[in-house]
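Everything on this sheet refers to the single structure shown next.
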Amino acid sequence: MRRLVVLAALVLAAPAAAATIHGSLRGELIVGTAAPDRIHAAAGNDFVQSAFGGVDTVDCGAGDDVVSADATDRLSGCETVSRRLSVDPYTNPDSQHETAVEPDSFAFGSTVVTAFQLGRRAGGAAANIGTAVSRDAGRTWQRAALPSVTVNSSPPGPESSASDPAVAYDAAHGVWLVSALTLEGNSSSHVYVSRSTDGLHWQAPVTVASGPLLDKEWIVCDNGATSPFRGRCYAEYTDDQLNQTVSQFSNDGGATWSAPVRSTSILVGTQPVVRSDGTLVVVAGDYNGDEALTGFIVSIRSTDGGVTFTRTNVAALHAKDNNPLRAISLPSVDIDSAGTIYASWPDCRFRTGCAANDIVVSTSADGGLTWTVPSRVPLAAASSAVDAFIPGIAADPAQPGRLALVYAWYSTTACRAGACSLGIGLTTSSDGGATWTTPRRLHAQPFSTSWLPRAEGGRMVGDYFSTSFAGDRIVPVFALAASPLGTRLREGIFAASLLAP
């Protein structure tokens, strides 16, 4: 893995006005201004940061170039491009602007829909939920924001803030669904589901559940052609007041929902998947204490459409804290077309003295009954200072065993020295996780944790990232940041569209 801090050169333009920026023949970091720029990177393996500016024109030239760009920037000759999906339009004083965190995504064919928090609040949740849709496997995007959810929505809704967005597609009813946890002041919380037939225009939300202390909902739909429960969508969440994990289902594209069912005792970070035979499997964390550094990753399964559940342990959890970040060791889960389930999470079991986290993967080929011993994804040497976290794993629905994994990382050595900067990487596997490719760098500019919004538990890019396979392309969705302009942050959600190996 390339080190975050070593670059051949650094080219910065004065921020006061638009610039024409010429790179050298060496690899370098080129940072544009807040105005429209013309950037000529020339030869060399360059890293170009043109996001959060005007409509820039970027000519990458020769070399293997990495670019972080706005959605409307004009690019040519660039190999790895991440486009900014989010724009924080809000001015509410209880949020930190401009920010967007915690994306989820889902793909059906070449259509990809993603949802994320817009305007993160330091005390929890966000001003609203933003969305974006691509109909060409992540190459181009249209953005929106959910209506009628929070007081900041257009039209406004009843809730003060929203969090934990998740995306699903119900193929039987032709409906996209975005679930969200919402807060109504300090007295009540809700699980909402918003519906759309095109992933761009959203209806007012449906209330799935209400309670004083609901948390971390997720959603999935059964699209199996031969499943006895095809067209059934499931909402999973935690009810902290009742100390339980809850499941509900919808048979009509999310318009109405069943009564809640207690699936097990309290878990955190439910991640549901559905096998082709209709078996619902939910993976989550059973943590010891609020720091969530030890405990178990567990799975619960239902073979009767979410009516009854059984529980088993996936593996013990041993994790290092990711101070100064909020980056809990939550699982990320997906399922391939053969029915193999892949659960990934940050874990320090392979590091001497739990000095840093790796991403580990455990698999189940029997619907969550048994799980393999966690294996280490070799993102860097086990003796290195690289600490990896916030995995977003995807399994190709068309090719069993083909995986992609996006993640964030930093150097523990740099963080101890007070220079903590994040990078974003992507690795793939064609053999079910037996081997992995050399990580691919997705960030153009390493970003300091001080450029990120504050949250309970530390600076935040999100509790989750996401990856989807869309046809022959891999679409990772993640957060990046640029240096603030005065007191205004510049942090947002980005996506790349990469040809699958």
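Chain identifiers are assigned as A, B, and so on, following the order in which chains appear in the structure tokens; residues are numbered from 1 within each chain, and ligands are numbered from 1 in order of appearance.
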
*Per DSSP on the backbone, what are the strand (DSSP E or B) residues of segment 157-293 of chain A, as a VMD selection string?*
chain A and resid 159 161 to 170 175 to 184 188 to 196 206 to 211 214 to 221 233 to 239 244 to 250 261 to 265 268 to 274 280 to 287

Near Val377 of chain A, counting only C-alpha atoms, which residues have an atom at most 8 Å away, once you skip same-chain residues fewer than 2 positions from it, shown as a PDB file with all heavy atoms, in the first residue's frame?
ATOM      1  N   ASP A 358      -7.197  -5.177  11.311  1.00  0.00           N
ATOM      2  CA  ASP A 358      -7.328  -5.636   9.936  1.00  0.00           C
ATOM      3  C   ASP A 358      -8.808  -5.759   9.623  1.00  0.00           C
ATOM      4  O   ASP A 358      -9.667  -5.703  10.515  1.00  0.00           O
ATOM      5  CB  ASP A 358      -6.678  -7.013   9.755  1.00  0.00           C
ATOM      6  CG  ASP A 358      -5.197  -7.004  10.043  1.00  0.00           C
ATOM      7  OD1 ASP A 358      -4.472  -6.270   9.358  1.00  0.00           O
ATOM      8  OD2 ASP A 358      -4.764  -7.745  10.961  1.00  0.00           O
ATOM      9  N   ILE A 359      -9.141  -5.949   8.359  1.00  0.00           N
ATOM     10  CA  ILE A 359     -10.474  -6.404   7.998  1.00  0.00           C
ATOM     11  C   ILE A 359     -10.428  -7.924   7.920  1.00  0.00           C
ATOM     12  O   ILE A 359      -9.544  -8.490   7.264  1.00  0.00           O
ATOM     13  CB  ILE A 359     -10.945  -5.804   6.658  1.00  0.00           C
ATOM     14  CG1 ILE A 359     -10.852  -4.277   6.687  1.00  0.00           C
ATOM     15  CG2 ILE A 359     -12.366  -6.253   6.361  1.00  0.00           C
ATOM     16  CD1 ILE A 359     -11.648  -3.600   7.769  1.00  0.00           C
ATOM     17  N   VAL A 360     -11.356  -8.587   8.592  1.00  0.00           N
ATOM     18  CA  VAL A 360     -11.443 -10.035   8.553  1.00  0.00           C
ATOM     19  C   VAL A 360     -12.764 -10.442   7.916  1.00  0.00           C
ATOM     20  O   VAL A 360     -13.729  -9.671   7.893  1.00  0.00           O
ATOM     21  CB  VAL A 360     -11.298 -10.668   9.949  1.00  0.00           C
ATOM     22  CG1 VAL A 360      -9.956 -10.285  10.571  1.00  0.00           C
ATOM     23  CG2 VAL A 360     -12.449 -10.255  10.862  1.00  0.00           C
ATOM     24  N   VAL A 361     -12.796 -11.662   7.367  1.00  0.00           N
ATOM     25  CA  VAL A 361     -13.985 -12.182   6.686  1.00  0.00           C
ATOM     26  C   VAL A 361     -14.277 -13.593   7.178  1.00  0.00           C
ATOM     27  O   VAL A 361     -13.371 -14.435   7.267  1.00  0.00           O
ATOM     28  CB  VAL A 361     -13.791 -12.192   5.155  1.00  0.00           C
ATOM     29  CG1 VAL A 361     -14.995 -12.834   4.466  1.00  0.00           C
ATOM     30  CG2 VAL A 361     -13.595 -10.772   4.633  1.00  0.00           C
ATOM     31  N   SER A 375     -10.782 -15.011   8.449  1.00  0.00           N
ATOM     32  CA  SER A 375      -9.504 -14.902   7.745  1.00  0.00           C
ATOM     33  C   SER A 375      -9.160 -13.434   7.563  1.00  0.00           C
ATOM     34  O   SER A 375     -10.041 -12.574   7.460  1.00  0.00           O
ATOM     35  CB  SER A 375      -9.566 -15.597   6.383  1.00  0.00           C
ATOM     36  OG  SER A 375     -10.547 -14.990   5.552  1.00  0.00           O
ATOM     37  N   LEU A 379      -4.403  -6.390   3.507  1.00  0.00           N
ATOM     38  CA  LEU A 379      -4.332  -5.032   2.981  1.00  0.00           C
ATOM     39  C   LEU A 379      -2.942  -4.437   3.144  1.00  0.00           C
ATOM     40  O   LEU A 379      -2.553  -3.540   2.402  1.00  0.00           O
ATOM     41  CB  LEU A 379      -5.358  -4.150   3.683  1.00  0.00           C
ATOM     42  CG  LEU A 379      -6.805  -4.654   3.603  1.00  0.00           C
ATOM     43  CD1 LEU A 379      -7.713  -3.794   4.467  1.00  0.00           C
ATOM     44  CD2 LEU A 379      -7.284  -4.673   2.162  1.00  0.00           C
ATOM     45  N   GLY A 433     -12.596 -14.945  -1.352  1.00  0.00           N
ATOM     46  CA  GLY A 433     -11.794 -14.431  -0.253  1.00  0.00           C
ATOM     47  C   GLY A 433     -10.567 -15.245   0.069  1.00  0.00           C
ATOM     48  O   GLY A 433      -9.851 -14.924   1.029  1.00  0.00           O
ATOM     49  N   TRP A 436      -6.661 -12.026  -2.351  1.00  0.00           N
ATOM     50  CA  TRP A 436      -7.140 -10.671  -2.603  1.00  0.00           C
ATOM     51  C   TRP A 436      -6.112  -9.906  -3.434  1.00  0.00           C
ATOM     52  O   TRP A 436      -4.911 -10.162  -3.330  1.00  0.00           O
ATOM     53  CB  TRP A 436      -7.381  -9.932  -1.284  1.00  0.00           C
ATOM     54  CG  TRP A 436      -8.493 -10.512  -0.459  1.00  0.00           C
ATOM     55  CD1 TRP A 436      -8.401 -11.545   0.431  1.00  0.00           C
ATOM     56  CD2 TRP A 436      -9.866 -10.098  -0.462  1.00  0.00           C
ATOM     57  NE1 TRP A 436      -9.633 -11.792   0.994  1.00  0.00           N
ATOM     58  CE2 TRP A 436     -10.554 -10.925   0.465  1.00  0.00           C
ATOM     59  CE3 TRP A 436     -10.578  -9.111  -1.139  1.00  0.00           C
ATOM     60  CZ2 TRP A 436     -11.907 -10.787   0.726  1.00  0.00           C
ATOM     61  CZ3 TRP A 436     -11.936  -8.965  -0.878  1.00  0.00           C
ATOM     62  CH2 TRP A 436     -12.588  -9.796   0.039  1.00  0.00           C
TER      63      TRP A 436
END

Please identify every residue of segment 383-458 of chain A that has at least one atom no farther than 6 Å from an atom of segment 329-350 of chain A, counting only C-alpha atoms, and for each give the shortest atom pair and the distance in Å to one decimal, arranged by chain then increasing number, as a tab-separated table.
residue	atom	partner	partner_atom	distance
A:Phe389	CA	A:Pro346	CA	5.3
A:Gly392	CA	A:Ser332	CA	5.6
A:Ile393	CA	A:Ser332	CA	5.9
A:Ala394	CA	A:Asp334	CA	5.6
A:Ala395	CA	A:Asp336	CA	5.1
A:Asp396	CA	A:Asp336	CA	5.9
A:Pro397	CA	A:Ser337	CA	5.0
A:Pro400	CA	A:Asp336	CA	5.5

*Restricting the calculation to only C-alpha atoms, which member of A:Val406, A:Val386, A:Leu422, A:Val261 is positioned closest to Ile474 of chain A?*
A:Val406

*Determine which residues of segment 371-484 of chain A DSSP labels as alpha helix (DSSP H) from the backbone of this structure, then write them out as a list in words.*
Thr412, Thr413, Ala414, Cys415 and Arg416 of chain A

Keeping C-alpha atoms for every residue in the selection just given, could you write it to a file as an mmCIF file, in the first residue's frame?
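File written: result30.cif
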data_model
loop_
_atom_site.group_PDB
_atom_site.id
_atom_site.type_symbol
_atom_site.label_atom_id
_atom_site.label_comp_id
_atom_site.auth_asym_id
_atom_site.auth_seq_id
_atom_site.Cartn_x
_atom_site.Cartn_y
_atom_site.Cartn_z
ATOM 1 C CA THR A 412 -1.225 4.408 13.796
ATOM 2 C CA THR A 413 2.291 5.846 13.823
ATOM 3 C CA ALA A 414 1.136 9.096 12.199
ATOM 4 C CA CYS A 415 -1.859 9.323 14.510
ATOM 5 C CA ARG A 416 0.318 8.974 17.590
#
